[in-house]
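Listing of final31.txt, compact mmCIF, C-alpha atoms and all ligand atoms
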```
# COMPACT_ATOMS: atom_id res chain seq x y z
CA MET A 1 126.59 6.98 19.67
CA SER A 2 128.70 6.17 16.65
CA ILE A 3 132.48 6.16 17.01
CA LEU A 4 132.73 9.04 14.55
CA GLY A 5 130.12 10.90 16.60
CA SER A 6 132.14 10.30 19.75
CA PHE A 7 135.28 11.66 18.01
CA HIS A 8 133.38 14.86 17.29
CA THR A 9 132.01 15.06 20.83
CA LEU A 10 135.48 14.59 22.29
CA LEU A 11 136.95 17.12 19.87
CA SER A 12 134.44 19.74 20.96
CA LYS A 13 136.25 19.69 24.31
CA GLY A 14 139.87 18.82 23.58
CA PRO A 15 142.35 16.69 21.64
CA VAL A 16 141.91 12.95 21.17
CA HIS A 17 144.53 10.30 21.89
CA ILE A 18 144.58 6.96 20.09
CA THR A 19 146.72 4.01 21.11
CA LEU A 20 147.83 1.86 18.19
CA ILE A 21 148.36 -1.84 18.85
CA ASP A 22 150.03 -3.81 16.08
CA PRO A 23 149.16 -7.52 16.54
CA ASP A 24 152.48 -8.51 14.98
CA LYS A 25 154.57 -6.72 17.61
CA GLN A 26 153.64 -8.67 20.76
CA ASN A 27 151.50 -11.55 21.91
CA PRO A 28 147.81 -10.98 22.66
CA GLN A 29 148.40 -11.06 26.44
CA LYS A 30 150.91 -8.22 26.21
CA ALA A 31 148.52 -6.36 23.89
CA ALA A 32 145.83 -6.64 26.55
CA LEU A 33 148.14 -5.14 29.17
CA MET A 34 148.97 -2.29 26.81
CA ALA A 35 145.28 -1.62 26.22
CA LYS A 36 144.58 -1.64 29.95
CA GLY A 37 147.44 0.81 30.52
CA ALA A 38 146.15 2.98 27.70
CA GLU A 39 142.72 3.14 29.31
CA GLU A 40 144.20 3.96 32.72
CA GLY A 41 146.32 6.68 31.14
CA GLY A 42 143.29 8.33 29.55
CA SER A 43 143.61 7.26 25.90
CA ASP A 44 140.30 7.52 24.05
CA VAL A 45 140.43 4.74 21.45
CA ILE A 46 142.43 1.59 20.69
CA LEU A 47 143.37 1.11 17.06
CA VAL A 48 144.33 -2.44 16.06
CA GLY A 49 146.28 -3.24 12.90
CA GLY A 50 149.72 -3.33 11.37
CA THR A 51 151.54 -2.88 8.09
CA SER A 52 152.95 -6.36 7.69
CA GLY A 53 152.85 -9.80 9.27
CA VAL A 54 149.25 -9.51 10.47
CA ASP A 55 146.87 -12.26 9.44
CA ILE A 56 143.26 -12.67 10.48
CA SER A 57 144.03 -15.08 13.32
CA LYS A 58 146.59 -12.74 14.92
CA GLN A 59 144.21 -9.84 14.40
CA GLU A 60 141.26 -11.72 15.96
CA GLU A 61 143.28 -12.95 18.95
CA THR A 62 144.49 -9.45 19.69
CA LEU A 63 141.01 -7.98 19.23
CA ASP A 64 139.61 -10.58 21.65
CA THR A 65 142.10 -9.96 24.44
CA VAL A 66 142.04 -6.19 23.99
CA ARG A 67 138.24 -6.10 24.15
CA ASP A 68 138.27 -8.25 27.28
CA ALA A 69 140.83 -5.97 28.90
CA THR A 70 139.25 -2.59 28.26
CA ASP A 71 135.98 -0.77 27.74
CA LEU A 72 137.55 1.66 25.30
CA PRO A 73 136.22 1.61 21.74
CA VAL A 74 138.30 -0.58 19.46
CA VAL A 75 138.77 0.39 15.83
CA ILE A 76 140.37 -1.71 13.10
CA PHE A 77 143.23 -0.12 11.13
CA PRO A 78 143.35 -2.42 8.08
CA THR A 79 146.03 -2.77 5.48
CA SER A 80 143.88 -5.24 3.62
CA ALA A 81 140.37 -6.64 3.42
CA ASP A 82 141.74 -9.87 4.91
CA ILE A 83 142.07 -8.57 8.45
CA LEU A 84 138.55 -7.27 8.92
CA SER A 85 136.60 -8.60 11.86
CA ILE A 86 133.21 -8.07 13.43
CA ASN A 87 134.90 -8.02 16.82
CA ALA A 88 135.45 -4.25 16.91
CA ASN A 89 133.39 -1.09 17.22
CA ALA A 90 134.34 0.42 13.88
CA VAL A 91 136.71 0.18 10.94
CA PHE A 92 138.87 2.88 9.41
CA TYR A 93 137.87 2.57 5.75
CA MET A 94 141.16 3.60 4.23
CA SER A 95 142.32 5.07 1.00
CA LEU A 96 146.08 5.58 0.79
CA LEU A 97 145.79 8.42 -1.66
CA ASN A 98 149.45 8.80 -2.52
CA SER A 99 150.12 5.13 -3.26
CA ARG A 100 151.15 4.23 -6.81
CA ASP A 101 149.30 0.96 -6.38
CA ILE A 102 145.59 1.23 -7.14
CA ARG A 103 145.03 -1.60 -4.69
CA PHE A 104 145.86 0.70 -1.75
CA VAL A 105 144.06 3.70 -3.23
CA VAL A 106 140.76 1.92 -3.82
CA GLY A 107 141.22 -1.83 -4.46
CA GLU A 108 141.16 -2.98 -0.84
CA ALA A 109 138.18 -0.70 -0.20
CA VAL A 110 136.28 -2.39 -3.01
CA ARG A 111 137.36 -5.85 -1.85
CA SER A 112 136.03 -5.11 1.63
CA SER A 113 132.85 -3.14 0.95
CA LEU A 114 130.34 -6.01 0.81
CA LYS A 115 132.04 -7.81 3.67
CA LEU A 116 131.67 -4.68 5.82
CA PHE A 117 128.10 -4.19 4.65
CA ASP A 118 127.22 -7.74 5.72
CA MET A 119 128.97 -7.28 9.06
CA GLY A 120 126.98 -4.13 9.72
CA ILE A 121 129.99 -2.60 11.45
CA GLU A 122 130.51 1.18 11.53
CA VAL A 123 132.73 2.30 8.67
CA ILE A 124 134.69 5.56 8.95
CA PRO A 125 136.15 6.82 5.66
CA VAL A 126 139.76 7.93 6.19
CA GLY A 127 142.08 9.60 3.70
CA TYR A 128 145.56 8.31 4.52
CA LEU A 129 148.63 10.27 3.40
CA VAL A 130 152.17 9.03 3.93
CA PHE A 131 155.09 11.46 4.21
CA GLU A 132 158.86 11.04 3.83
CA PRO A 133 160.65 8.91 4.90
CA GLY A 134 157.58 6.64 4.95
CA MET A 135 159.27 3.81 6.84
CA LEU A 136 157.68 0.37 6.35
CA VAL A 137 154.26 1.62 5.27
CA GLY A 138 155.92 3.73 2.58
CA LYS A 139 157.54 0.60 1.09
CA VAL A 140 154.69 -1.83 1.55
CA GLY A 141 152.17 0.70 0.27
CA ASP A 142 154.33 1.63 -2.75
CA VAL A 143 153.91 5.24 -1.78
CA ASP A 144 154.86 8.29 -3.80
CA LEU A 145 155.96 9.99 -0.58
CA ILE A 146 155.04 13.59 0.14
CA GLY A 147 158.15 15.64 0.95
CA ARG A 148 158.33 16.83 4.55
CA ASP A 149 158.68 20.44 3.37
CA ASP A 150 156.49 20.20 0.30
CA LEU A 151 153.66 22.27 1.74
CA GLU A 152 151.96 22.65 -1.62
CA MET A 153 151.75 18.88 -2.13
CA GLY A 154 150.70 18.19 1.46
CA ARG A 155 147.98 20.83 1.30
CA SER A 156 146.79 19.60 -2.10
CA TYR A 157 146.41 16.01 -0.93
CA ALA A 158 144.74 16.98 2.34
CA LYS A 159 142.26 19.27 0.62
CA ALA A 160 141.51 16.44 -1.82
CA VAL A 161 140.75 14.15 1.14
CA GLU A 162 138.22 16.68 2.37
CA PHE A 163 136.70 17.36 -1.06
CA LEU A 164 136.36 13.61 -1.67
CA GLY A 165 134.06 13.53 1.34
CA MET A 166 136.19 11.52 3.75
CA ASP A 167 135.51 11.99 7.45
CA LEU A 168 139.08 12.04 8.74
CA CYS A 169 142.44 13.04 7.25
CA TYR A 170 145.34 10.94 8.56
CA LEU A 171 148.90 12.21 8.12
CA GLU A 172 151.36 9.35 8.55
CA GLY A 173 155.06 9.93 9.17
CA GLY A 174 155.80 6.18 9.45
CA SER A 175 155.91 4.06 12.58
CA GLY A 176 159.17 4.46 14.49
CA VAL A 177 160.36 7.43 12.41
CA ASP A 178 163.06 9.60 14.02
CA SER A 179 161.06 12.78 13.93
CA PRO A 180 157.37 13.37 13.27
CA ILE A 181 155.94 15.27 10.30
CA PRO A 182 157.12 18.89 10.82
CA SER A 183 154.89 21.41 12.57
CA SER A 184 155.03 23.68 9.52
CA MET A 185 153.35 20.95 7.44
CA VAL A 186 150.74 20.19 10.11
CA SER A 187 149.79 23.83 10.50
CA ALA A 188 149.72 24.46 6.73
CA ILE A 189 147.29 21.56 6.36
CA SER A 190 145.16 22.21 9.44
CA SER A 191 144.57 25.79 8.37
CA ILE A 192 142.81 24.71 5.16
CA ILE A 193 140.70 21.71 6.18
CA ASP A 194 137.74 21.44 8.53
CA ILE A 195 137.65 17.66 8.98
CA PRO A 196 139.57 16.27 11.98
CA LEU A 197 143.30 15.87 11.38
CA ILE A 198 144.99 12.72 12.68
CA LEU A 199 148.77 12.65 13.09
CA GLY A 200 150.90 9.55 13.64
CA GLY A 201 154.50 8.44 13.35
CA GLY A 202 157.33 9.30 15.75
CA ILE A 203 155.17 10.96 18.38
CA ASN A 204 156.85 9.48 21.41
CA THR A 205 157.19 12.31 23.95
CA PRO A 206 154.74 14.73 25.59
CA GLU A 207 156.60 17.62 23.89
CA ARG A 208 156.16 16.14 20.42
CA ALA A 209 152.49 15.48 21.04
CA ALA A 210 152.03 19.05 22.35
CA ASP A 211 153.80 20.50 19.29
CA ALA A 212 151.53 18.52 17.00
CA VAL A 213 148.39 19.70 18.79
CA ARG A 214 149.63 23.30 18.87
CA SER A 215 150.14 23.09 15.10
CA GLY A 216 146.59 21.91 14.54
CA ALA A 217 146.56 18.12 14.87
CA ASP A 218 143.31 17.03 16.51
CA ILE A 219 143.95 13.33 17.05
CA ILE A 220 147.33 11.87 17.99
CA VAL A 221 148.23 8.21 17.38
CA THR A 222 151.05 6.57 19.31
CA GLY A 223 152.29 3.05 18.72
CA THR A 224 156.02 2.60 19.35
CA MET A 225 156.00 4.61 22.59
CA VAL A 226 153.36 2.29 24.02
CA GLU A 227 155.23 -0.83 22.86
CA ARG A 228 158.42 0.36 24.57
CA SER A 229 157.03 1.87 27.73
CA ASN A 230 157.43 0.10 31.06
CA ASP A 231 154.53 2.11 32.42
CA VAL A 232 152.01 2.66 29.67
CA ALA A 233 149.46 4.40 31.90
CA SER A 234 151.89 7.12 33.04
CA SER A 235 153.49 7.60 29.60
CA ILE A 236 150.08 8.17 28.08
CA SER A 237 148.72 10.33 30.87
CA GLU A 238 151.77 12.63 30.68
CA MET A 239 151.35 12.88 26.93
CA ILE A 240 147.65 13.65 27.19
CA ALA A 241 148.23 16.30 29.87
CA SER A 242 150.61 18.16 27.58
CA MET A 243 148.24 17.75 24.60
CA LYS A 244 145.48 19.37 26.66
CA GLU A 245 147.72 22.30 27.60
CA ALA A 246 148.65 22.80 23.96
CA TRP A 247 144.98 22.66 22.95
CA LYS A 248 144.23 25.59 25.30
CA GLU A 249 146.93 27.63 23.56
CA ARG A 250 145.21 27.05 20.24
CA GLY A 251 142.21 29.08 21.34
CA PRO A 252 138.67 28.70 19.98
C1 LIG A 301 150.54 5.41 13.39
O1 LIG A 301 152.52 4.86 12.39
C2 LIG A 301 151.94 5.46 13.48
O2 LIG A 301 150.15 6.40 12.51
C3 LIG A 301 152.50 4.95 14.73
O3 LIG A 301 153.76 5.49 14.77
O4 LIG A 301 154.83 3.76 16.11
O5 LIG A 301 155.98 5.93 15.66
O6 LIG A 301 154.02 5.85 17.18
P1 LIG A 301 154.70 5.24 16.02
```
How would this structure read if it were set down as structure tokens?
Amino acid sequence: MSILGSFHTLLSKGPVHITLIDPDKQNPQKAALMAKGAEEGGSDVILVGGTSGVDISKQEETLDTVRDATDLPVVIFPTSADILSINANAVFYMSLLNSRDIRFVVGEAVRSSLKLFDMGIEVIPVGYLVFEPGMLVGKVGDVDLIGRDDLEMGRSYAKAVEFLGMDLCYLEGGSGVDSPIPSSMVSAISSIIDIPLILGGGINTPERAADAVRSGADIIVTGTMVERSNDVASSISEMIASMKEAWKERGP
């Protein structure tokens, strides 16, 4: 089954958890341990990529060790066409819609299309939206940040992602941000789109993950929590347990 197909299968039963591994944040051996812990804790997918400092050799080394360490699907989270690799199950084919730089809106997608076609790897179109304060990705991506309370703007962008035919809508609060994108924004967006909603940035406790799921997030991405945890498997399993409880409260 395709990775996108498996997202939909998983989402027919409950929320999905993704573990983000940034190859610039630790050596490949530590990345492998994180991936192993993520699998033990019940995470569904490993996402590999980072906003800055990642070149193809770091990316490949991390992909190699992570794939040796786990049977979980591995998806590339690229900032540029330069860090694409065949050594993964799929690629998030990203458009950062609220960047001022055309390169992040469509340029990198164009630069990578033939490379991906030749690789024959699964490509999953993702509309990526970055919210205040944006953190590093907001700066590097030259983003015209969406205000945390600007529901009209958030809804407009998210609906555009869906109308443009992308498969997933990814709301990014910025890695390491103090507090995640507010629940009011997540629920305003989830109530008007049917494609799966991914939420990342600052989700570092079971309560935060549960709030996000209760508000309508379908897929939760955690990076910093996993980097800092001394026991990745338990941190993730506690988070997933509370996500599942919150999912039940959402009803059908
Ligand atoms: C992925 O940027 C996030 O969307 C990861 O954020 O590092 O805060 O979990 P954290």
Would you mind listing, for every residue of chain A within 9 Å of ligand LIG 301 (chain A), the two atoms forming the shortest contact and the distance between them in Å to one decimal, using all atoms listed in the file, sorted by chain and ascending residue number, as CSV?
```
residue,atom,partner,partner_atom,distance
A:Thr19,CA,A:LIG301,O6,8.5
A:Leu20,CA,A:LIG301,C1,6.6
A:Ile21,CA,A:LIG301,C3,9.0
A:Asp22,CA,A:LIG301,O4,9.0
A:Gly50,CA,A:LIG301,O1,8.7
A:Thr51,CA,A:LIG301,O1,8.9
A:Met135,CA,A:LIG301,O1,8.8
A:Val137,CA,A:LIG301,O1,8.0
A:Tyr170,CA,A:LIG301,O2,7.7
A:Leu171,CA,A:LIG301,O2,7.4
A:Glu172,CA,A:LIG301,O2,5.1
A:Gly173,CA,A:LIG301,O1,6.5
A:Gly174,CA,A:LIG301,O1,4.6
A:Ser175,CA,A:LIG301,O3,3.4
A:Gly176,CA,A:LIG301,O5,3.7
A:Val177,CA,A:LIG301,O5,5.7
A:Asp178,CA,A:LIG301,O5,8.1
A:Ser179,CA,A:LIG301,O5,8.7
A:Pro180,CA,A:LIG301,O5,7.9
A:Ile198,CA,A:LIG301,O2,8.2
A:Leu199,CA,A:LIG301,O2,6.4
A:Gly200,CA,A:LIG301,O2,3.4
A:Gly201,CA,A:LIG301,O3,3.4
A:Gly202,CA,A:LIG301,O5,3.6
A:Ile203,CA,A:LIG301,O6,5.4
A:Asn204,CA,A:LIG301,O6,6.3
A:Ile220,CA,A:LIG301,O2,8.2
A:Val221,CA,A:LIG301,C1,5.4
A:Thr222,CA,A:LIG301,O6,3.7
A:Gly223,CA,A:LIG301,O6,3.6
A:Thr224,CA,A:LIG301,O4,3.6
A:Met225,CA,A:LIG301,O6,5.9
A:Val226,CA,A:LIG301,O6,7.7
A:Glu227,CA,A:LIG301,O4,8.2
```
Margin query: When you look at region 25-35 of chain A with a cut-off of 8 Å (counting all atoms listed in the file), what residues show up, excluding the ones that are within fewer than 3 positions of it in the same chain? I need them as a list in words.
Written below: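 In the requested format, the answer is Thr19, Ile21, Asp22, Ala38, Glu39, Ile46, Glu61, Thr62, Thr65, Val66, Arg67, Asp68, Ala69, Thr70, Val226, Glu227 and Val232 of chain A.
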Grab all the atoms of region 157-173 of chain A that the file lists, wrap them in a box along x, y and z, add 4 Å per side, and give me centre plus edge lengths in Å (one decimal) as JSON.
```
{"center_x": 144.6, "center_y": 14.3, "center_z": 3.7, "size_x": 29.0, "size_y": 17.9, "size_z": 19.0}
```
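Distances from A:Val123, A:Leu136, A:Ile3, A:Leu96 to Pro73 (chain A) were compared using only C-alpha atoms, and the smallest one belongs to A:Ile3.
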Next item on the list: Just the residues within 9 Å of Val75 (chain A), please, counting only C-alpha atoms, with nothing from its chain fewer than 2 positions along; format it as a VMD selection string.
Entry: chain A and resid 3 45 to 49 73 77 88 to 92
Item checked: Counting only C-alpha atoms, the option among A:Gly138, A:Gly5, A:Gly165, A:Pro206 closest to Val126 (chain A) ->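 Of all the options, A:Gly165 lies closest to Val126 (chain A).
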Margin query: With all atoms listed in the file as the counted atoms, please give the residues lying no more than 8 Å from Ala109 (chain A), apart from itself and same-chain residues fewer than 4 positions off, as an NGL selection string.
Written below: :A and (81 or 93-95 or 104-105 or 113)
Note to self: What does the structure give for the distance between CA of Val106 (chain A) and CA of Ser6 (chain A), in Å to one decimal?
What the structure shows: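 The value is 26.5 Å.
Considering all atoms listed in the file, the residue among A:Thr9, A:Ser80, A:Ser85, A:Asn230 positioned nearest to Glu60 (chain A) is A:Ser85.
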Next item on the list: Counting all atoms listed in the file, select every polymer residue within 10 Å of (145.7, 6.4, -3.4) as defined in the file's coordinates, and provide the selection as a list of chain:residue names.
Entry: A:Met94, A:Ser95, A:Leu96, A:Leu97, A:Asn98, A:Ser99, A:Arg100, A:Asp101, A:Ile102, A:Arg103, A:Phe104, A:Val105, A:Val106, A:Gly107, A:Gly127, A:Tyr128, A:Leu129, A:Gly141, A:Asp142, A:Val143, A:Asp144, A:Tyr157
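Between CA of Ala246 (chain A) and CA of Ala210 (chain A) there is a distance of 5.3 Å.
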Next item on the list: One decimal, Å: what's the distance from CA of Ser112 (chain A) over to CA of Asn87 (chain A), could you say?
Entry: 15.5 Å
Next item on the list: Mind checking which residues fall within 8 Å of region 213-215 of chain A, counting all atoms listed in the file, ignoring those fewer than 5 positions away in the same chain, and posting them as a list of chain:residue names?
Entry: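 Answer for this query is A:Pro15, A:Ser183, A:Ser184, A:Val186, A:Ser187, A:Ser190, A:Ile220, A:Met243, A:Ala246, A:Trp247, A:Glu249, A:Arg250.
Using all atoms listed in the file for every distance, the candidate list A:Ser229, A:Met239, A:Val130, A:Asp218 yields A:Asp218 as the residue closest to His8 (chain A).
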Next item on the list: Have a look at A:Pro78, A:Val16, A:Arg155, A:Leu164 and name the one nearest to Gly42 (chain A); count all atoms listed in the file.
Entry: A:Val16
Checklist line | Nearest candidate to Phe117 (chain A) (options A:Ile195, A:Ala158, A:Ala188, A:Ile86; using all atoms listed in the file) | finding: A:Ile86
